[in-house]
Each structure stands twice: as C-alpha cells, then as structure tokens.
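Novice: As input, take data15.txt (compact mmCIF, C-alpha atoms):
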# COMPACT_ATOMS: atom_id res chain seq x y z
CA MET A 1 107.92 102.17 70.69
CA SER A 2 107.62 105.68 69.30
CA LYS A 3 110.54 108.09 69.49
CA ASN A 4 108.57 111.04 68.13
CA ARG A 5 107.78 112.68 71.47
CA ILE A 6 110.50 115.18 72.26
CA ALA A 7 112.00 115.66 75.72
CA VAL A 8 114.47 118.32 76.79
CA LEU A 9 116.65 118.42 79.91
CA ALA A 10 118.25 121.67 81.04
CA LEU A 11 120.56 122.26 84.00
CA GLU A 12 120.96 125.41 86.04
CA ASP A 13 124.40 126.02 84.49
CA GLY A 14 122.79 126.31 81.04
CA SER A 15 123.64 122.82 79.76
CA VAL A 16 120.93 121.32 77.53
CA PHE A 17 120.34 117.67 76.55
CA SER A 18 117.73 116.46 74.11
CA GLY A 19 116.07 113.07 73.80
CA HIS A 20 112.67 111.46 73.52
CA ALA A 21 109.95 110.99 76.14
CA ILE A 22 109.38 107.48 77.51
CA GLY A 23 106.90 108.49 80.23
CA CYS A 24 104.14 111.08 80.26
CA ASP A 25 104.05 114.50 78.62
CA GLY A 26 104.63 117.33 81.04
CA GLU A 27 107.41 118.87 83.10
CA THR A 28 109.35 118.19 86.26
CA SER A 29 112.30 119.63 88.17
CA GLY A 30 114.62 118.57 90.97
CA GLU A 31 118.21 117.99 91.97
CA LEU A 32 119.93 115.94 89.28
CA ILE A 33 121.99 112.98 90.49
CA PHE A 34 123.47 109.89 88.85
CA ASN A 35 123.26 106.28 90.04
CA THR A 36 125.91 103.75 89.00
CA ALA A 37 123.94 100.56 89.74
CA MET A 38 123.58 98.18 86.79
CA THR A 39 120.29 96.74 88.02
CA GLY A 40 117.41 97.63 90.31
CA TYR A 41 115.87 100.54 88.41
CA GLN A 42 112.36 99.91 89.74
CA GLU A 43 113.67 99.80 93.33
CA ILE A 44 115.40 103.13 92.70
CA LEU A 45 112.30 104.77 91.25
CA THR A 46 110.07 103.65 94.13
CA ASP A 47 112.55 104.49 96.92
CA PRO A 48 111.15 107.52 98.83
CA SER A 49 114.74 108.70 99.40
CA TYR A 50 114.75 109.90 95.77
CA ALA A 51 111.91 112.38 96.29
CA ARG A 52 112.63 115.70 94.55
CA GLN A 53 115.56 114.16 92.65
CA ILE A 54 115.90 113.44 88.93
CA VAL A 55 117.83 110.20 88.53
CA THR A 56 120.32 109.56 85.74
CA LEU A 57 121.23 105.89 85.34
CA THR A 58 124.80 105.47 84.10
CA TYR A 59 124.24 101.92 82.86
CA PRO A 60 123.35 102.38 79.17
CA HIS A 61 120.62 99.76 78.62
CA ILE A 62 117.61 99.96 80.94
CA GLY A 63 114.24 98.18 81.05
CA ASN A 64 115.08 94.69 79.81
CA THR A 65 113.45 92.97 82.82
CA GLY A 66 110.35 95.16 82.88
CA VAL A 67 108.59 95.94 86.15
CA ASN A 68 106.98 93.64 88.71
CA THR A 69 104.89 94.27 91.81
CA GLU A 70 106.97 92.21 94.28
CA ASP A 71 110.15 94.30 94.17
CA MET A 72 108.67 97.75 94.76
CA GLU A 73 110.10 99.71 97.69
CA SER A 74 106.85 101.65 98.21
CA ASP A 75 103.38 101.88 96.72
CA ARG A 76 104.28 104.62 94.23
CA LEU A 77 107.06 106.16 92.16
CA TRP A 78 108.95 108.86 94.13
CA ALA A 79 111.80 110.01 91.88
CA ALA A 80 111.14 113.40 90.29
CA GLY A 81 112.25 112.11 86.90
CA LEU A 82 114.32 109.51 85.06
CA ILE A 83 117.05 109.90 82.42
CA ILE A 84 118.58 106.94 80.53
CA ARG A 85 120.64 106.26 77.45
CA GLU A 86 118.57 103.50 75.83
CA LEU A 87 115.24 101.90 76.70
CA SER A 88 114.99 98.18 75.98
CA PRO A 89 112.22 97.44 73.46
CA VAL A 90 111.62 94.06 75.11
CA ALA A 91 110.85 93.13 78.73
CA SER A 92 111.82 89.46 78.91
CA SER A 93 111.62 88.50 82.60
CA TRP A 94 108.96 85.94 83.57
CA ARG A 95 108.22 88.08 86.64
CA SER A 96 107.45 91.18 84.61
CA SER A 97 103.91 92.56 84.81
CA SER A 98 104.52 95.59 82.56
CA SER A 99 107.25 97.35 80.64
CA LEU A 100 109.19 100.20 82.21
CA SER A 101 107.60 102.72 79.85
CA GLU A 102 104.09 101.47 80.68
CA TYR A 103 104.85 101.73 84.39
CA LEU A 104 106.21 105.28 84.03
CA LYS A 105 103.05 106.34 82.22
CA SER A 106 100.82 104.69 84.83
CA GLN A 107 102.60 106.76 87.49
CA ASN A 108 102.37 110.02 85.48
CA ALA A 109 106.17 110.12 85.56
CA ILE A 110 108.38 112.30 83.37
CA ALA A 111 111.27 110.36 81.85
CA MET A 112 113.50 110.55 78.80
CA ALA A 113 115.83 108.31 76.81
CA GLY A 114 118.32 108.95 74.03
CA VAL A 115 120.51 111.10 76.31
CA ASP A 116 124.32 111.08 76.28
CA THR A 117 124.46 109.93 79.90
CA ARG A 118 128.27 109.66 79.84
CA ARG A 119 128.56 113.36 79.08
CA LEU A 120 125.90 114.19 81.66
CA THR A 121 127.61 112.10 84.36
CA ARG A 122 130.99 113.71 83.70
CA LEU A 123 129.39 117.13 83.95
CA LEU A 124 127.91 116.28 87.34
CA ARG A 125 131.22 114.84 88.50
CA ASP A 126 132.94 118.11 87.57
CA LYS A 127 130.35 120.53 88.95
CA GLY A 128 128.53 118.54 91.61
CA ALA A 129 124.79 117.99 91.89
CA LEU A 130 122.85 120.56 89.87
CA ARG A 131 119.25 121.60 89.71
CA GLY A 132 117.62 120.44 86.52
CA ALA A 133 114.29 120.21 84.72
CA ILE A 134 112.73 118.07 82.01
CA THR A 135 109.97 119.14 79.65
CA ALA A 136 108.41 116.38 77.57
CA GLY A 137 105.87 116.33 74.76
CA PRO A 138 104.65 118.96 72.29
CA HIS A 139 105.55 121.90 74.55
CA ALA A 140 109.07 120.74 75.38
CA SER A 141 111.73 123.43 74.96
CA ALA A 142 115.19 124.32 76.22
CA GLU A 143 113.95 127.74 77.34
CA ARG A 144 111.12 126.31 79.45
CA SER A 145 113.36 123.62 80.97
CA LEU A 146 116.08 126.14 81.86
CA ALA A 147 113.60 128.48 83.53
CA LEU A 148 112.19 125.61 85.61
CA ALA A 149 115.67 124.41 86.59
CA ARG A 150 116.75 127.80 87.87
CA ARG A 151 113.56 128.22 89.92
CA CYS A 152 113.87 124.80 91.53
CA PRO A 153 114.76 124.89 95.26
CA THR A 154 117.81 123.05 96.57
CA LEU A 155 117.59 120.19 99.06
CA THR A 156 119.46 122.12 101.74
CA GLY A 157 117.07 123.05 104.53
CA MET A 158 114.24 121.02 102.99
CA ASP A 159 112.24 118.70 105.26
CA LEU A 160 110.99 115.99 102.92
CA ALA A 161 110.51 113.27 105.53
CA GLN A 162 107.09 114.66 106.42
CA GLU A 163 106.12 114.55 102.73
CA VAL A 164 106.93 110.87 102.20
CA THR A 165 106.10 109.40 105.63
CA CYS A 166 102.99 107.36 106.36
CA THR A 167 99.97 109.32 107.53
CA ARG A 168 99.05 106.91 110.32
CA THR A 169 100.57 104.13 112.41
CA TYR A 170 100.34 100.63 110.93
CA CYS A 171 101.65 97.12 111.60
CA TRP A 172 103.89 94.94 109.44
CA PRO A 173 103.11 92.30 108.25
CA LEU A 174 100.17 94.29 106.96
CA HIS A 175 97.61 91.58 107.85
CA SER A 176 98.73 91.55 111.48
CA GLY A 177 97.82 93.74 114.41
CA HIS A 178 99.38 94.64 117.74
CA GLN A 179 98.15 96.42 120.81
CA PRO A 180 100.52 97.54 123.57
CA GLY A 181 101.20 94.62 125.86
CA SER A 182 99.57 92.01 123.60
CA ALA A 183 101.13 88.62 122.94
CA PHE A 184 102.30 89.12 119.38
CA HIS A 185 104.85 86.31 119.96
CA GLU A 186 102.05 83.86 119.20
CA SER A 187 102.48 84.75 115.52
CA GLY A 188 106.07 83.48 115.60
CA HIS A 189 107.70 86.88 116.04
CA ARG A 190 110.23 87.02 118.87
CA HIS A 191 110.65 90.80 119.07
CA HIS A 192 108.58 93.93 118.65
CA VAL A 193 110.37 96.69 116.74
CA LEU A 194 109.03 100.20 116.25
CA VAL A 195 110.04 101.74 112.92
CA TYR A 196 110.19 105.50 112.42
CA ASP A 197 109.12 106.10 108.82
CA PHE A 198 111.17 108.92 107.32
CA GLY A 199 110.67 107.30 103.90
CA VAL A 200 111.15 103.63 104.76
CA LYS A 201 111.89 101.09 102.04
CA GLN A 202 109.74 97.99 102.16
CA ASN A 203 112.76 95.69 101.96
CA ILE A 204 113.84 97.00 105.37
CA LEU A 205 110.48 95.86 106.74
CA ARG A 206 110.75 92.51 104.97
CA LEU A 207 114.21 91.82 106.41
CA LEU A 208 113.25 92.83 109.94
CA GLU A 209 110.23 90.53 109.71
CA LYS A 210 112.46 87.74 108.41
CA SER A 211 114.67 88.31 111.47
CA GLY A 212 111.73 87.46 113.71
CA CYS A 213 110.32 90.93 114.33
CA HIS A 214 106.78 92.17 114.47
CA LEU A 215 106.83 95.82 113.34
CA THR A 216 104.88 98.90 114.27
CA VAL A 217 105.54 101.70 111.77
CA VAL A 218 104.91 105.26 112.95
CA PRO A 219 104.89 108.62 111.11
CA ALA A 220 108.07 110.70 111.14
CA GLN A 221 106.63 113.38 113.45
CA THR A 222 105.70 110.92 116.24
CA PRO A 223 106.99 112.16 119.64
CA ALA A 224 108.96 109.68 121.73
CA SER A 225 106.22 109.62 124.36
CA GLU A 226 103.71 108.32 121.79
CA ALA A 227 106.18 105.87 120.27
CA LEU A 228 106.98 104.29 123.65
CA ILE A 229 103.31 103.56 124.31
CA HIS A 230 103.75 100.64 121.87
CA GLU A 231 106.30 99.04 124.25
CA PRO A 232 108.94 98.19 121.61
CA ASP A 233 111.93 95.93 122.20
CA GLY A 234 113.91 97.95 119.66
CA ILE A 235 113.56 101.12 117.62
CA PHE A 236 114.57 101.45 113.97
CA LEU A 237 115.25 104.82 112.27
CA SER A 238 114.63 104.52 108.54
CA ASN A 239 116.04 106.04 105.40
CA GLY A 240 114.45 109.12 103.86
CA PRO A 241 114.94 112.16 101.61
CA GLY A 242 115.90 115.78 102.21
CA ASP A 243 118.03 117.59 104.76
CA PRO A 244 118.19 115.73 108.10
CA ALA A 245 119.01 118.94 109.98
CA ALA A 246 115.55 120.26 109.03
CA CYS A 247 113.84 117.44 110.98
CA GLY A 248 114.01 118.98 114.46
CA TYR A 249 111.01 116.93 115.64
CA ALA A 250 112.86 113.68 114.85
CA ILE A 251 116.09 114.83 116.49
CA LYS A 252 114.20 115.62 119.72
CA ALA A 253 112.37 112.28 119.66
CA ILE A 254 115.63 110.35 119.21
CA GLN A 255 117.28 112.22 122.08
CA ASP A 256 114.40 111.18 124.32
CA ILE A 257 114.46 107.60 123.05
CA LEU A 258 118.19 107.20 123.72
CA GLU A 259 117.60 107.91 127.40
CA THR A 260 115.34 104.84 127.64
CA ARG A 261 118.27 102.56 126.67
CA ILE A 262 116.07 100.67 124.21
CA PRO A 263 118.33 99.41 121.35
CA VAL A 264 118.32 101.74 118.33
CA MET A 265 119.47 101.15 114.74
CA GLY A 266 119.52 103.77 111.99
CA ILE A 267 120.03 103.57 108.24
CA CYS A 268 120.80 106.47 105.89
CA MET A 269 118.60 109.37 107.09
CA GLY A 270 118.22 107.48 110.38
CA HIS A 271 122.02 107.35 110.67
CA GLN A 272 122.27 111.11 110.14
CA LEU A 273 119.46 111.84 112.60
CA LEU A 274 121.08 109.67 115.28
CA ALA A 275 124.30 111.65 114.77
CA LEU A 276 122.49 114.98 115.02
CA ALA A 277 120.67 113.84 118.15
CA SER A 278 124.06 113.00 119.66
CA GLY A 279 125.62 116.40 118.95
CA ALA A 280 127.25 115.83 115.55
CA LYS A 281 126.74 117.90 112.40
CA THR A 282 125.68 116.99 108.87
CA VAL A 283 126.81 118.54 105.58
CA LYS A 284 125.51 118.60 102.01
CA MET A 285 127.81 116.55 99.80
CA ARG A 286 129.08 117.82 96.47
CA PHE A 287 127.44 115.09 94.44
CA GLY A 288 126.52 112.48 97.03
CA HIS A 289 126.83 108.71 96.85
CA HIS A 290 124.35 106.87 94.63
CA GLY A 291 125.09 103.35 93.43
CA ALA A 292 125.51 99.68 94.27
CA ASN A 293 129.29 99.39 94.11
CA HIS A 294 130.71 101.54 96.94
CA PRO A 295 133.55 100.06 99.06
CA VAL A 296 133.20 100.58 102.81
CA GLN A 297 135.71 99.56 105.48
CA ASP A 298 134.84 98.22 108.91
CA LEU A 299 137.42 100.06 111.04
CA GLY A 300 137.31 97.42 113.77
CA SER A 301 138.10 94.37 111.65
CA GLY A 302 139.67 96.08 108.64
CA ARG A 303 137.28 94.16 106.38
CA VAL A 304 136.21 95.88 103.16
CA MET A 305 132.64 95.37 101.98
CA THR A 306 130.74 96.49 98.89
CA SER A 307 127.67 98.54 99.70
CA SER A 308 124.67 100.18 98.09
CA GLN A 309 124.53 103.94 98.67
CA ASN A 310 121.95 106.66 98.23
CA HIS A 311 122.53 109.90 100.11
CA SER A 312 123.23 113.56 99.42
CA PHE A 313 124.08 114.50 103.02
CA ALA A 314 126.73 113.04 105.33
CA VAL A 315 127.78 113.20 108.96
CA SER A 316 130.62 115.72 109.36
CA ASP A 317 133.96 115.03 111.06
CA GLU A 318 133.96 118.64 112.26
CA ASP A 319 133.31 119.10 116.01
CA PHE A 320 132.64 115.38 116.32
CA PRO A 321 131.13 114.48 119.73
CA LEU A 322 132.95 112.19 122.16
CA CYS A 323 129.81 110.10 122.71
CA LEU A 324 130.02 108.70 119.16
CA ARG A 325 132.55 106.30 117.66
CA VAL A 326 133.11 105.96 113.91
CA THR A 327 132.83 102.28 112.90
CA HIS A 328 132.87 102.45 109.08
CA ARG A 329 134.30 104.78 106.43
CA SER A 330 133.91 105.08 102.67
CA LEU A 331 136.98 104.09 100.68
CA PHE A 332 135.90 106.47 97.92
CA ASP A 333 136.20 109.70 99.90
CA GLY A 334 136.77 108.77 103.55
CA SER A 335 133.34 109.99 104.65
CA ILE A 336 131.71 108.54 107.77
CA GLN A 337 129.66 105.44 107.00
CA GLY A 338 128.99 103.91 110.40
CA LEU A 339 128.57 105.08 113.99
CA GLU A 340 127.95 103.64 117.43
CA HIS A 341 126.99 105.46 120.60
CA THR A 342 129.37 105.01 123.53
CA ASN A 343 126.71 105.61 126.21
CA PHE A 344 123.60 103.93 124.81
CA PRO A 345 122.84 100.74 122.77
CA ALA A 346 122.54 102.60 119.47
CA PHE A 347 124.37 102.31 116.15
CA SER A 348 123.83 103.33 112.55
CA PHE A 349 125.02 102.89 108.98
CA GLN A 350 124.96 105.41 106.15
CA GLY A 351 124.59 102.95 103.28
CA HIS A 352 121.84 100.41 102.62
CA PRO A 353 122.50 96.89 103.94
CA GLU A 354 118.95 95.96 102.90
CA ALA A 355 119.54 96.91 99.27
CA SER A 356 117.65 94.92 96.67
CA PRO A 357 118.93 93.57 94.32
CA GLY A 358 122.15 93.99 96.35
CA PRO A 359 124.96 93.88 97.33
CA HIS A 360 124.30 92.09 100.62
CA ASP A 361 127.72 92.29 102.32
CA LEU A 362 126.32 94.29 105.24
CA LEU A 363 123.22 92.27 106.11
CA CYS A 364 125.09 91.36 109.29
CA LEU A 365 124.08 94.76 110.67
CA PHE A 366 120.52 93.49 111.07
CA ASP A 367 121.91 90.54 113.05
CA ARG A 368 123.74 93.02 115.26
CA PHE A 369 120.47 94.88 115.92
CA ILE A 370 118.65 91.67 116.84
CA ALA A 371 121.54 90.65 119.11
CA ALA A 372 121.33 94.03 120.88
CA ILE A 373 117.59 93.54 121.43
CA GLU A 374 118.13 90.04 122.83
CA THR A 375 120.95 91.21 125.11
CA CYS A 376 118.77 94.02 126.41
CA LYS A 377 115.86 91.66 127.08
CA GLU A 378 118.11 89.22 128.92
CA ALA A 379 119.74 91.90 131.06
CA ALA A 380 118.65 92.38 134.63
CA GLU A 381 117.98 96.07 134.02
CA THR A 382 114.67 96.61 132.24
CA PRO A 383 114.61 99.48 129.70
CA ILE A 384 112.77 102.60 130.78
CA ARG A 385 109.55 102.55 128.75
CA GLU A 386 108.17 105.87 129.89
CA LEU A 387 109.82 109.27 129.60
CA ARG A 388 110.76 110.91 132.83
CA LEU A 389 109.35 114.35 132.18
What is this file in structure tokens?
Specialist:
Amino acid sequence: MSKNRIAVLALEDGSVFSGHAIGCDGETSGELIFNTAMTGYQEILTDPSYARQIVTLTYPHIGNTGVNTEDMESDRLWAAGLIIRELSPVASSWRSSSSLSEYLKSQNAIAMAGVDTRRLTRLLRDKGALRGAITAGPHASAERSLALARRCPTLTGMDLAQEVTCTRTYCWPLHSGHQPGSAFHESGHRHHVLVYDFGVKQNILRLLEKSGCHLTVVPAQTPASEALIHEPDGIFLSNGPGDPAACGYAIKAIQDILETRIPVMGICMGHQLLALASGAKTVKMRFGHHGANHPVQDLGSGRVMTSSQNHSFAVSDEDFPLCLRVTHRSLFDGSIQGLEHTNFPAFSFQGHPEASPGPHDLLCLFDRFIAAIETCKEAAETPIRELRL
C-alpha cells in the first residue's frame, strides 16, 4: 500500500490536516462530522443519510474486515468523503470481497488516512460541525482545500431527499411484484407496507420483510393520493439526508396520510417529517449525533437502551404541539428521540433500531409497528384508503 499520494483536509475555520490518499485522486467538500462506532464502516459509507457529509471515524484502525456485498445499505457509496487514522494493510474476513481502499477507488471516492483524528474530533466538539474539503493526489494543497471548504453550502435549507431517493416505485423483495388488491399473502407475507424512500437503508427493508411484510417502495415526492392507490396496511417513513423542513412535499403527504388512520412509523428523517407534519419544529444541531453507542431512555418504562444514531437535525421542544407525546429522550443531551401521535396510530424514533452491525436494543419498535398494523386490520373500522378531497 503506497503512502506517496498526498491528501489535504482544510476546514472553514482555517484548520489544515495532512495525510495520504487511500481512495481516488480529486477533490470533495461537505459538512464534516465524526462517527464514534467501532465497526460498520461500509454500512456508514453506503448509508444515503451521509450524502454531502465527510465522515471522520474516531476508531483508529479501519479496514481490517474489508468490504462485502451483503452488508451494503444501498447500491453505491454516498458519503462525500472519508477520514481515518490508520488503514489496515490486511482484510482478513472470510466474507470480504475487496479491501476498503479498492472499494473506495471503485466508487471514485475521496478518502484519506494518516490524520490525527483525535485532534480533529476535539476541534469539532469545540466548534460544532464545520464545512470542510479534501484534495487528494498531485494537485492537493491547503489553499485549494480551504477555498473549496469556504464555498461549500451548509445543510440548512437543503433538500437532499430528492437527490438520494429512488427514481421509480419498486417492490421488496426485489424479485416479487404487487398490484393493488392482489393476493401477495400467497408469498408468505402477512402485511403490505408502503415505504417512503427519503434515503432508505436496505437493512430497514430486510427487517420489515423478516417481520412478514411485503414492501412497496415509492419515491420521496410521491403524493399521498398516489401512495394510497397501493392499498397499504401500514406506511413507513424512512431515514434520509438534509434538512427535513425543506421537504414540503413530504410534510403535506404525511398530513394527508395521517387522516386515513393507516398505521405510520418513522425513523430518523421520517421521525422529523412526522413531527413537522404534526405542527412541531426542527432545528440544526451543533454537531449532531453520529455513532453506535448513544444511550436513550424510554420515558414510559424508564428503561435505558443503547442506540445507533446518525442525524444533524432534531425535533425541537419549542412550541411543541399537544397532538404529540415524547416517548424517548437522549441521555447525552436530552434531545427528543421518540414520538407518538395522540390522535392517529403513528409513532417515530430518531435513532436507528435497524442498525447493522448494531446495537439492536430497539428492534422492538418494528414489533410495535407490526402490532399496530394487526390491531388496525382487526378493528371494526376500516382505514380510509382514499383521500377525501
């Protein structure tokens, strides 16, 4: 592994870090964040929620298990860049199909190693998330990186869901198909769930399928009237990148969907959009939550669970609507982590219960969603499947 290719990171405050390129030559910019997870680097890189963000991994030794095709969260790398302390020279897992460096190059990704990530993390903890840029290869320079960093837009007001969403409706499992009103139960699936793709992770789809659901995945901009044509038993609002307040089309669709009384579950961006559709506000966090070791408390039971987190925006406590009830809070900063609607069968969670490789303390939230679907189907009142315009 050659360490001759130079890479330079510069932040908008003028801080400069040097290292060596482990991906392609070129340049990239984005909001710089740090992730404290010890494992799961390929899931992080392929999570659409990291679009337009340069990820710093605080764990010092990265790449020892290589990369495999089964654990990807999407079909491409979405992070704007990667920064690590040390790249493992050996990928020793039997599941590995390539090294991390080979995968980065195949995705035309900009990444660097040899960086003092402890210093960089402390800087971000002191100043909050900063815009940054990496230049790698023969034309790398501090001056070029700094200029790119200071020209980079912030995430506030940026609608990235429409950049990462699917371009057309599809079914999951991918080999299956479903037409409105068809008997998909013959395949062994008990429920039909419609998933709004704001940047959905594939492990969400895998877990919903494992729970007995046939899935129809629709683009982020799909109006409620078009979504309801598929006659879903439940509606899932996925994770995604960017500012949720910029997704007015999704907020309107969710407001319409709530009126049908079809059970709704949201994760991450979906959680924030459900809150906005219910009259709450969202705010940009100082440095966000990114990691696999965040304690969250269930306010009903008092139980504390470890969660995986990846978000730069949060639901605000300011002017909080009466139609929502807070169910979970972060024990790091007290921020809202879970909500339920008091008028409709809808709830949401800010963190990632589906996180792979983990933790899995909050997988019970998927069971709660399935229970809500089953309760709704057993009830005498049938959900309204057409909008009353």
Novice: Name all residues at most 8 Å from range 134-149 of chain A (count only C-alpha atoms; drop same-chain ones fewer than 5 positions away) and give them as a PyMOL selection string.
Specialist: chain A and resi 5-12+14+16+20-21+24-30+81+110-112
Novice: For Ala227 in chain A, find every residue with an atom within 12 Å (counting only C-alpha atoms), except residues of its own chain fewer than 6 positions away, and show them as a list in words.
Specialist: Thr169, Pro180, Val193, Leu194, Val195, Tyr196, Asp197, Thr216, Val217, Val218, Pro219, Ala220, Gln221, Asp233, Gly234, Ile235, Phe236, Ala250, Ala253, Ile254, Asp256, Ile257, Thr260, Ile262, Arg385, Glu386 and Leu387 of chain A
Novice: Looking at A:Ala51, A:Cys323, A:Ile373, A:Leu124, which one is nearest to Asp13 in chain A, with distances taken over only C-alpha atoms?
Specialist: A:Leu124
Novice: Out of A:Pro357, A:Pro173, A:Gly40, A:Gly291, which residue has the shortest atom-to-atom distance to Ser312 in chain A when counting all atoms listed in the file?
Specialist: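 Comparing A:Pro357, A:Pro173, A:Gly40, A:Gly291 against Ser312 in chain A, the winner is A:Gly291.
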Novice: Nearest to Thr117 in chain A: which of A:Val55, A:Leu104, A:Leu155, A:Val283 is it, counting only C-alpha atoms?
Specialist: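 Among the listed residues, the smallest separation from Thr117 in chain A belongs to A:Val55.
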Novice: Return the single residue from A:Ile370, A:Ala280, A:Ala80, A:Ala292 that is closest to Thr36 in chain A, with distances computed using all atoms listed in the file.
Specialist: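 Looking at the shortest contact to Thr36 in chain A, the residue is A:Ala292.
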Novice: For the structure just given, write the atoms of range 55-64 of chain A, namely all heavy atoms, as a PDB file, in the first residue's frame.
Specialist:
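Produced file out01.pdb, reproduced below:
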ATOM      1  N   VAL A  55     -17.092  12.021   6.480  1.00  0.00           N
ATOM      2  CA  VAL A  55     -17.156  11.273   7.729  1.00  0.00           C
ATOM      3  C   VAL A  55     -15.752  11.035   8.288  1.00  0.00           C
ATOM      4  O   VAL A  55     -14.882  10.491   7.589  1.00  0.00           O
ATOM      5  CB  VAL A  55     -17.861   9.920   7.517  1.00  0.00           C
ATOM      6  CG1 VAL A  55     -17.928   9.141   8.829  1.00  0.00           C
ATOM      7  CG2 VAL A  55     -19.257  10.133   6.947  1.00  0.00           C
ATOM      8  N   THR A  56     -15.567  11.423   9.538  1.00  0.00           N
ATOM      9  CA  THR A  56     -14.358  11.088  10.281  1.00  0.00           C
ATOM     10  C   THR A  56     -14.687   9.948  11.223  1.00  0.00           C
ATOM     11  O   THR A  56     -15.636  10.041  12.019  1.00  0.00           O
ATOM     12  CB  THR A  56     -13.861  12.287  11.110  1.00  0.00           C
ATOM     13  OG1 THR A  56     -13.565  13.375  10.252  1.00  0.00           O
ATOM     14  CG2 THR A  56     -12.619  11.913  11.909  1.00  0.00           C
ATOM     15  N   LEU A  57     -13.957   8.850  11.145  1.00  0.00           N
ATOM     16  CA  LEU A  57     -14.154   7.733  12.061  1.00  0.00           C
ATOM     17  C   LEU A  57     -13.187   7.868  13.224  1.00  0.00           C
ATOM     18  O   LEU A  57     -11.972   7.964  13.021  1.00  0.00           O
ATOM     19  CB  LEU A  57     -13.940   6.408  11.328  1.00  0.00           C
ATOM     20  CG  LEU A  57     -14.920   6.140  10.173  1.00  0.00           C
ATOM     21  CD1 LEU A  57     -14.588   4.810   9.489  1.00  0.00           C
ATOM     22  CD2 LEU A  57     -16.356   6.138  10.666  1.00  0.00           C
ATOM     23  N   THR A  58     -13.733   7.894  14.443  1.00  0.00           N
ATOM     24  CA  THR A  58     -12.877   8.117  15.616  1.00  0.00           C
ATOM     25  C   THR A  58     -12.097   6.864  16.004  1.00  0.00           C
ATOM     26  O   THR A  58     -11.053   6.967  16.635  1.00  0.00           O
ATOM     27  CB  THR A  58     -13.725   8.576  16.818  1.00  0.00           C
ATOM     28  OG1 THR A  58     -14.664   7.554  17.159  1.00  0.00           O
ATOM     29  CG2 THR A  58     -14.459   9.863  16.490  1.00  0.00           C
ATOM     30  N   TYR A  59     -12.613   5.676  15.649  1.00  0.00           N
ATOM     31  CA  TYR A  59     -11.854   4.467  15.940  1.00  0.00           C
ATOM     32  C   TYR A  59     -10.600   4.478  15.073  1.00  0.00           C
ATOM     33  O   TYR A  59     -10.669   4.745  13.865  1.00  0.00           O
ATOM     34  CB  TYR A  59     -12.700   3.221  15.661  1.00  0.00           C
ATOM     35  CG  TYR A  59     -12.086   1.964  16.193  1.00  0.00           C
ATOM     36  CD1 TYR A  59     -12.007   1.746  17.568  1.00  0.00           C
ATOM     37  CD2 TYR A  59     -11.554   1.009  15.338  1.00  0.00           C
ATOM     38  CE1 TYR A  59     -11.429   0.597  18.073  1.00  0.00           C
ATOM     39  CE2 TYR A  59     -10.983  -0.153  15.830  1.00  0.00           C
ATOM     40  CZ  TYR A  59     -10.911  -0.347  17.203  1.00  0.00           C
ATOM     41  OH  TYR A  59     -10.324  -1.494  17.705  1.00  0.00           O
ATOM     42  N   PRO A  60      -9.421   4.190  15.657  1.00  0.00           N
ATOM     43  CA  PRO A  60      -8.160   4.470  14.943  1.00  0.00           C
ATOM     44  C   PRO A  60      -7.758   3.489  13.852  1.00  0.00           C
ATOM     45  O   PRO A  60      -6.954   3.841  12.984  1.00  0.00           O
ATOM     46  CB  PRO A  60      -7.119   4.464  16.070  1.00  0.00           C
ATOM     47  CG  PRO A  60      -7.703   3.561  17.109  1.00  0.00           C
ATOM     48  CD  PRO A  60      -9.187   3.787  17.063  1.00  0.00           C
ATOM     49  N   HIS A  61      -8.297   2.272  13.876  1.00  0.00           N
ATOM     50  CA  HIS A  61      -7.815   1.240  12.938  1.00  0.00           C
ATOM     51  C   HIS A  61      -8.999   0.760  12.108  1.00  0.00           C
ATOM     52  O   HIS A  61      -9.904   0.084  12.621  1.00  0.00           O
ATOM     53  CB  HIS A  61      -7.196   0.084  13.726  1.00  0.00           C
ATOM     54  CG  HIS A  61      -6.455  -0.907  12.879  1.00  0.00           C
ATOM     55  ND1 HIS A  61      -5.228  -0.627  12.310  1.00  0.00           N
ATOM     56  CD2 HIS A  61      -6.765  -2.173  12.505  1.00  0.00           C
ATOM     57  CE1 HIS A  61      -4.810  -1.686  11.631  1.00  0.00           C
ATOM     58  NE2 HIS A  61      -5.729  -2.630  11.735  1.00  0.00           N
ATOM     59  N   ILE A  62      -9.021   1.094  10.827  1.00  0.00           N
ATOM     60  CA  ILE A  62     -10.176   0.846   9.973  1.00  0.00           C
ATOM     61  C   ILE A  62      -9.790   0.001   8.761  1.00  0.00           C
ATOM     62  O   ILE A  62      -8.716   0.194   8.183  1.00  0.00           O
ATOM     63  CB  ILE A  62     -10.778   2.189   9.475  1.00  0.00           C
ATOM     64  CG1 ILE A  62     -11.205   3.050  10.665  1.00  0.00           C
ATOM     65  CG2 ILE A  62     -11.949   1.928   8.532  1.00  0.00           C
ATOM     66  CD1 ILE A  62     -12.311   2.463  11.510  1.00  0.00           C
ATOM     67  N   GLY A  63     -10.668  -0.926   8.368  1.00  0.00           N
ATOM     68  CA  GLY A  63     -10.459  -1.692   7.141  1.00  0.00           C
ATOM     69  C   GLY A  63     -10.048  -3.125   7.331  1.00  0.00           C
ATOM     70  O   GLY A  63      -9.836  -3.833   6.340  1.00  0.00           O
ATOM     71  N   ASN A  64      -9.956  -3.598   8.589  1.00  0.00           N
ATOM     72  CA  ASN A  64      -9.404  -4.939   8.804  1.00  0.00           C
ATOM     73  C   ASN A  64     -10.332  -6.059   8.343  1.00  0.00           C
ATOM     74  O   ASN A  64      -9.880  -7.188   8.144  1.00  0.00           O
ATOM     75  CB  ASN A  64      -9.045  -5.142  10.274  1.00  0.00           C
ATOM     76  CG  ASN A  64     -10.233  -4.981  11.196  1.00  0.00           C
ATOM     77  OD1 ASN A  64     -10.942  -3.993  11.124  1.00  0.00           O
ATOM     78  ND2 ASN A  64     -10.443  -5.961  12.063  1.00  0.00           N
TER      79      ASN A  64
END
